[in-house]
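> Below: one structure in structure tokens.
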Amino acid sequence: MKKQIIYMGLVMLGLTACHEKKTGTMETKQVCISDSLAKMVEIDTAKSTPMQDELTLSGEVSFDENKVVKIFPTTSGQVLEVKVSLGDKVVKGQTLAVLRSADVAGNYTDLDATRSDLSIAKRQLDQAEYLFKNGISSERDYTEAKENYNKATAANRKIKQQIAINGGGNTSASGTLVIKSPGNGFIVEKNVSAGNFIRPDNNNSLFTISDMKDVWIWANVFETDIAKVKKGYDAKITTLAYPDKVFNGKIDEVSSVLDPDNKVMKVRIALNNSEMLLKPEMFTNVIVTNKEAATSVSVPASAVIFDNSKNFVVLYNSKCDLQVREVNVIKTVDNVTYIASGLKPGDKVVSKSQLLLYNALTQE
């Protein structure tokens, strides 16, 4: 009953069926395509093309480490206050945290001491110069006073430089150090909380700031698939957050060693993230596509019809010369089907409305 309904619909569309004839693999009817149905049909030509291969990998979003600023402590001390949280947007000059440091307070104490020493050395130099010019003291006394003044000046300059290096302009004599953002971006790493003590040998950054306009995708490649992945291969990335959106990129770095923990090789895909959709730590699905050295006859995937555990195409010779041909499919990659046998380059196949024609040609 179902095939009768389909046949009636085909007749209404302008298909006309005539006598039966043999095609090589199955018995079909002769069908002609009317002018009205011709507007619904698309014809594609089978081509000999390099085969593509696809490899599906799991990955994770990370920030572009070439475009981040890591803020390290310039001195030891205790964190009094943290004014930002992970993921916050910050602007240049914004206060991130406040520390209180004995080293900073000590620098200001040393600065006061060197100022006093410098003032005394200056008075002694002036006095020695006056006595020397009036013949009262020797040149040696004058030279010694000048050297003492130069030493006091150098000591004072050294302390000023230390204060400048350790946050000059953002420190005070009470020992507080205000840590400010050096640029605009987002807090993508935060390794400090109020009350923490910062040790002199601390090697971890307090904050990491990234503008997030570019991100990296790190994908895991198992040992059996290493030969299928190379620098420059195309990659398509999808996420759970945006299942219908595809991010396109290329592999721009392939690790030379395996991860010792999970025995996988890491590959990196750099992506533009101007829409700010991708966030660090997001899980991703990565499909890597590459062209193999082998070639094969290929047709659009839409041209292939799967029926009774076999694959078929509708060959087009003319409006009244259509045939159903069984084909052996190697694989389908990116809407292209590669054929092992059944077609040769130059054969024309129907890639749209082919199911209507297939039913008309094969109906009993």
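Each chain in the structure tokens gets a letter, A, B and so on, in the order shown; residues start at 1 in every chain, and ligands are counted from 1 in the order they appear.
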Residues of range 23-166 of chain A in strand (DSSP E or B) according to DSSP, as number ranges by chain?
A: 27-32, 42-45, 47-63, 68-71, 77-82, 89-90, 95-100
> Fewer than 5 positions away in the same chain doesn't count, so skip those; otherwise give me all residues within 12 Å of Ser256 in chain A, counting only C-alpha atoms, as a list of chain:residue names.
A:Val221, A:Ile226, A:Lys230, A:Lys231, A:Val264, A:Met265, A:Lys266, A:Val267
> Using DSSP on the backbone, list every residue of range 51-189 of chain A that comes out as alpha helix (DSSP H), and give them as a PyMOL selection string.
chain A and resi 102-133+139-165
> Please produce a file of the residues just selected, as a PDB file, in the first residue's frame, where the atoms kept are C-alpha atoms.

ATOM      1  CA  ALA A 102      57.607  43.877  56.345  1.00  0.00           C
ATOM      2  CA  ASP A 103      60.018  44.142  53.431  1.00  0.00           C
ATOM      3  CA  VAL A 104      58.182  47.176  52.045  1.00  0.00           C
ATOM      4  CA  ALA A 105      58.086  48.820  55.490  1.00  0.00           C
ATOM      5  CA  GLY A 106      61.801  48.025  55.891  1.00  0.00           C
ATOM      6  CA  ASN A 107      62.583  49.667  52.559  1.00  0.00           C
ATOM      7  CA  TYR A 108      60.950  52.896  53.710  1.00  0.00           C
ATOM      8  CA  THR A 109      62.878  52.732  57.009  1.00  0.00           C
ATOM      9  CA  ASP A 110      66.095  52.270  55.052  1.00  0.00           C
ATOM     10  CA  LEU A 111      65.080  55.182  52.830  1.00  0.00           C
ATOM     11  CA  ASP A 112      64.760  57.463  55.866  1.00  0.00           C
ATOM     12  CA  ALA A 113      68.158  56.303  57.129  1.00  0.00           C
ATOM     13  CA  THR A 114      69.898  56.914  53.809  1.00  0.00           C
ATOM     14  CA  ARG A 115      68.298  60.347  53.564  1.00  0.00           C
ATOM     15  CA  SER A 116      69.775  61.248  56.954  1.00  0.00           C
ATOM     16  CA  ASP A 117      73.174  59.856  55.955  1.00  0.00           C
ATOM     17  CA  LEU A 118      73.022  61.776  52.703  1.00  0.00           C
ATOM     18  CA  SER A 119      72.166  65.013  54.515  1.00  0.00           C
ATOM     19  CA  ILE A 120      75.082  64.579  56.925  1.00  0.00           C
ATOM     20  CA  ALA A 121      77.475  63.668  54.102  1.00  0.00           C
ATOM     21  CA  LYS A 122      76.388  66.773  52.170  1.00  0.00           C
ATOM     22  CA  ARG A 123      77.103  69.075  55.145  1.00  0.00           C
ATOM     23  CA  GLN A 124      80.495  67.444  55.709  1.00  0.00           C
ATOM     24  CA  LEU A 125      81.336  67.839  52.010  1.00  0.00           C
ATOM     25  CA  ASP A 126      80.411  71.527  52.042  1.00  0.00           C
ATOM     26  CA  GLN A 127      82.490  72.094  55.157  1.00  0.00           C
ATOM     27  CA  ALA A 128      85.492  70.204  53.792  1.00  0.00           C
ATOM     28  CA  GLU A 129      85.288  72.113  50.524  1.00  0.00           C
ATOM     29  CA  TYR A 130      85.234  75.450  52.363  1.00  0.00           C
ATOM     30  CA  LEU A 131      88.222  74.525  54.526  1.00  0.00           C
ATOM     31  CA  PHE A 132      90.179  73.188  51.556  1.00  0.00           C
ATOM     32  CA  LYS A 133      89.604  76.296  49.419  1.00  0.00           C
ATOM     33  CA  GLU A 139      93.028  67.976  49.746  1.00  0.00           C
ATOM     34  CA  ARG A 140      92.894  64.470  51.212  1.00  0.00           C
ATOM     35  CA  ASP A 141      90.215  65.515  53.729  1.00  0.00           C
ATOM     36  CA  TYR A 142      88.209  67.121  50.928  1.00  0.00           C
ATOM     37  CA  THR A 143      88.505  64.020  48.696  1.00  0.00           C
ATOM     38  CA  GLU A 144      87.448  61.739  51.547  1.00  0.00           C
ATOM     39  CA  ALA A 145      84.367  63.891  52.254  1.00  0.00           C
ATOM     40  CA  LYS A 146      83.451  63.796  48.556  1.00  0.00           C
ATOM     41  CA  GLU A 147      83.712  59.963  48.484  1.00  0.00           C
ATOM     42  CA  ASN A 148      81.523  59.679  51.586  1.00  0.00           C
ATOM     43  CA  TYR A 149      78.921  61.899  49.923  1.00  0.00           C
ATOM     44  CA  ASN A 150      78.979  59.771  46.762  1.00  0.00           C
ATOM     45  CA  LYS A 151      78.519  56.598  48.832  1.00  0.00           C
ATOM     46  CA  ALA A 152      75.561  58.130  50.682  1.00  0.00           C
ATOM     47  CA  THR A 153      74.027  59.194  47.350  1.00  0.00           C
ATOM     48  CA  ALA A 154      74.439  55.679  45.907  1.00  0.00           C
ATOM     49  CA  ALA A 155      72.882  54.069  48.987  1.00  0.00           C
ATOM     50  CA  ASN A 156      69.901  56.421  48.827  1.00  0.00           C
ATOM     51  CA  ARG A 157      69.448  55.765  45.105  1.00  0.00           C
ATOM     52  CA  LYS A 158      69.607  52.001  45.655  1.00  0.00           C
ATOM     53  CA  ILE A 159      66.767  52.081  48.208  1.00  0.00           C
ATOM     54  CA  LYS A 160      64.648  54.252  45.914  1.00  0.00           C
ATOM     55  CA  GLN A 161      65.147  51.755  43.102  1.00  0.00           C
ATOM     56  CA  GLN A 162      64.164  48.864  45.370  1.00  0.00           C
ATOM     57  CA  ILE A 163      60.967  50.652  46.309  1.00  0.00           C
ATOM     58  CA  ALA A 164      60.221  51.378  42.658  1.00  0.00           C
ATOM     59  CA  ILE A 165      60.817  47.730  41.672  1.00  0.00           C
TER      60      ILE A 165
END
> Can you work out which one of A:Arg100, A:Lys47, A:Lys70, A:Lys263 has the shortest atom-to-atom distance to Gly195 in chain A, counting only C-alpha atoms?
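Nearest to Gly195 in chain A: A:Arg100.
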> For range 323-325 of chain A, please output as a VMD selection string all residues within 6 Å (counting only C-alpha atoms; exclusion window: fewer than 2 positions along the same chain).
chain A and resid 312 to 315
> Which residue out of A:Ala194, A:Ile179, A:Leu80, A:Ala219 has the minimum interatomic distance to Thr284 in chain A when only C-alpha atoms are used?
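Of all the options, A:Ala219 lies closest to Thr284 in chain A.
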> Go through A:Ala46, A:Met40, A:Val79, A:Val257 one by one, measure the shortest atom-to-atom distance of each to Gly175 in chain A using only C-alpha atoms, and give the residue with the smallest value.
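Looking only at the distances to Gly175 in chain A, the closest residue turns out to be A:Val79.
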> Just checking: using only C-alpha atoms, which residue out of A:Leu361, A:Val336, A:Gln78, A:Ile33 ends up closest to Asn196 in chain A?
A:Gln78
> Name the residues in contact with Pro73 in chain A at a cut-off of 8 Å, using only C-alpha atoms, excluding same-chain residues fewer than 6 positions from it; report them as number ranges by chain.
A: 198, 205-206
> Identify which of the residues A:Phe63, A:Tyr316, A:Phe247, A:Phe283 lies closest to Asn220 in chain A, counting only C-alpha atoms when measuring atom-to-atom distances.
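Using only C-alpha atoms, Asn220 in chain A sits closest to A:Phe283.
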> So what do you get for CA of Ser210 in chain A versus CA of Glu281 in chain A, distance-wise?
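Separation between CA of Ser210 in chain A and CA of Glu281 in chain A: 14.1 Å.
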> Fewer than 6 positions away in the same chain doesn't count, so skip those; otherwise give me all residues within 8 Å of Phe207 in chain A, counting only C-alpha atoms, as an MDAnalysis selection string.
chainID A and resid 70:72 187:192
> Please dump the current selection as a JSON list (two decimals), in the first residue's frame; keep N, CA, C and O atoms.

[["chain", "number", "residue", "atom", "x", "y", "z"],
["A", 70, "LYS", "N", 50.80, 37.39, 33.56],
["A", 70, "LYS", "CA", 50.85, 36.72, 34.87],
["A", 70, "LYS", "C", 51.43, 37.70, 35.89],
["A", 70, "LYS", "O", 52.50, 38.28, 35.66],
["A", 71, "ILE", "N", 50.72, 37.88, 36.97],
["A", 71, "ILE", "CA", 51.13, 38.84, 38.00],
["A", 71, "ILE", "C", 51.73, 38.08, 39.17],
["A", 71, "ILE", "O", 51.05, 37.31, 39.85],
["A", 72, "PHE", "N", 53.02, 38.28, 39.37],
["A", 72, "PHE", "CA", 53.75, 37.61, 40.45],
["A", 72, "PHE", "C", 53.97, 38.59, 41.61],
["A", 72, "PHE", "O", 54.05, 39.80, 41.39],
["A", 187, "ILE", "N", 40.08, 37.85, 34.55],
["A", 187, "ILE", "CA", 40.86, 37.04, 35.49],
["A", 187, "ILE", "C", 40.62, 35.57, 35.14],
["A", 187, "ILE", "O", 39.54, 35.02, 35.39],
["A", 188, "VAL", "N", 41.62, 34.92, 34.54],
["A", 188, "VAL", "CA", 41.47, 33.52, 34.14],
["A", 188, "VAL", "C", 42.16, 32.58, 35.12],
["A", 188, "VAL", "O", 41.93, 31.37, 35.08],
["A", 189, "GLU", "N", 42.99, 33.12, 35.99],
["A", 189, "GLU", "CA", 43.59, 32.33, 37.07],
["A", 189, "GLU", "C", 43.69, 33.20, 38.31],
["A", 189, "GLU", "O", 44.03, 34.37, 38.23],
["A", 190, "LYS", "N", 43.38, 32.61, 39.46],
["A", 190, "LYS", "CA", 43.47, 33.34, 40.73],
["A", 190, "LYS", "C", 43.99, 32.36, 41.77],
["A", 190, "LYS", "O", 43.35, 31.34, 42.06],
["A", 191, "ASN", "N", 45.17, 32.66, 42.31],
["A", 191, "ASN", "CA", 45.83, 31.74, 43.24],
["A", 191, "ASN", "C", 46.08, 32.37, 44.60],
["A", 191, "ASN", "O", 47.03, 32.00, 45.29],
["A", 192, "VAL", "N", 45.23, 33.32, 44.99],
["A", 192, "VAL", "CA", 45.44, 34.00, 46.26],
["A", 192, "VAL", "C", 44.10, 34.34, 46.88],
["A", 192, "VAL", "O", 43.11, 34.59, 46.18]]
> If I take CA of Phe197 in chain A and CA of Val98 in chain A, how far is one from the other in Å, to one decimal?
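Rounded to one decimal, the two atoms are 12.0 Å apart.
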> Can you tell me, as a ChimeraX atom specification, what residues are no more than 8 Å from range 249-253 of chain A when counting only C-alpha atoms, ignoring any on the same chain fewer than 2 positions away?
/A:230-237,247,255,267-271
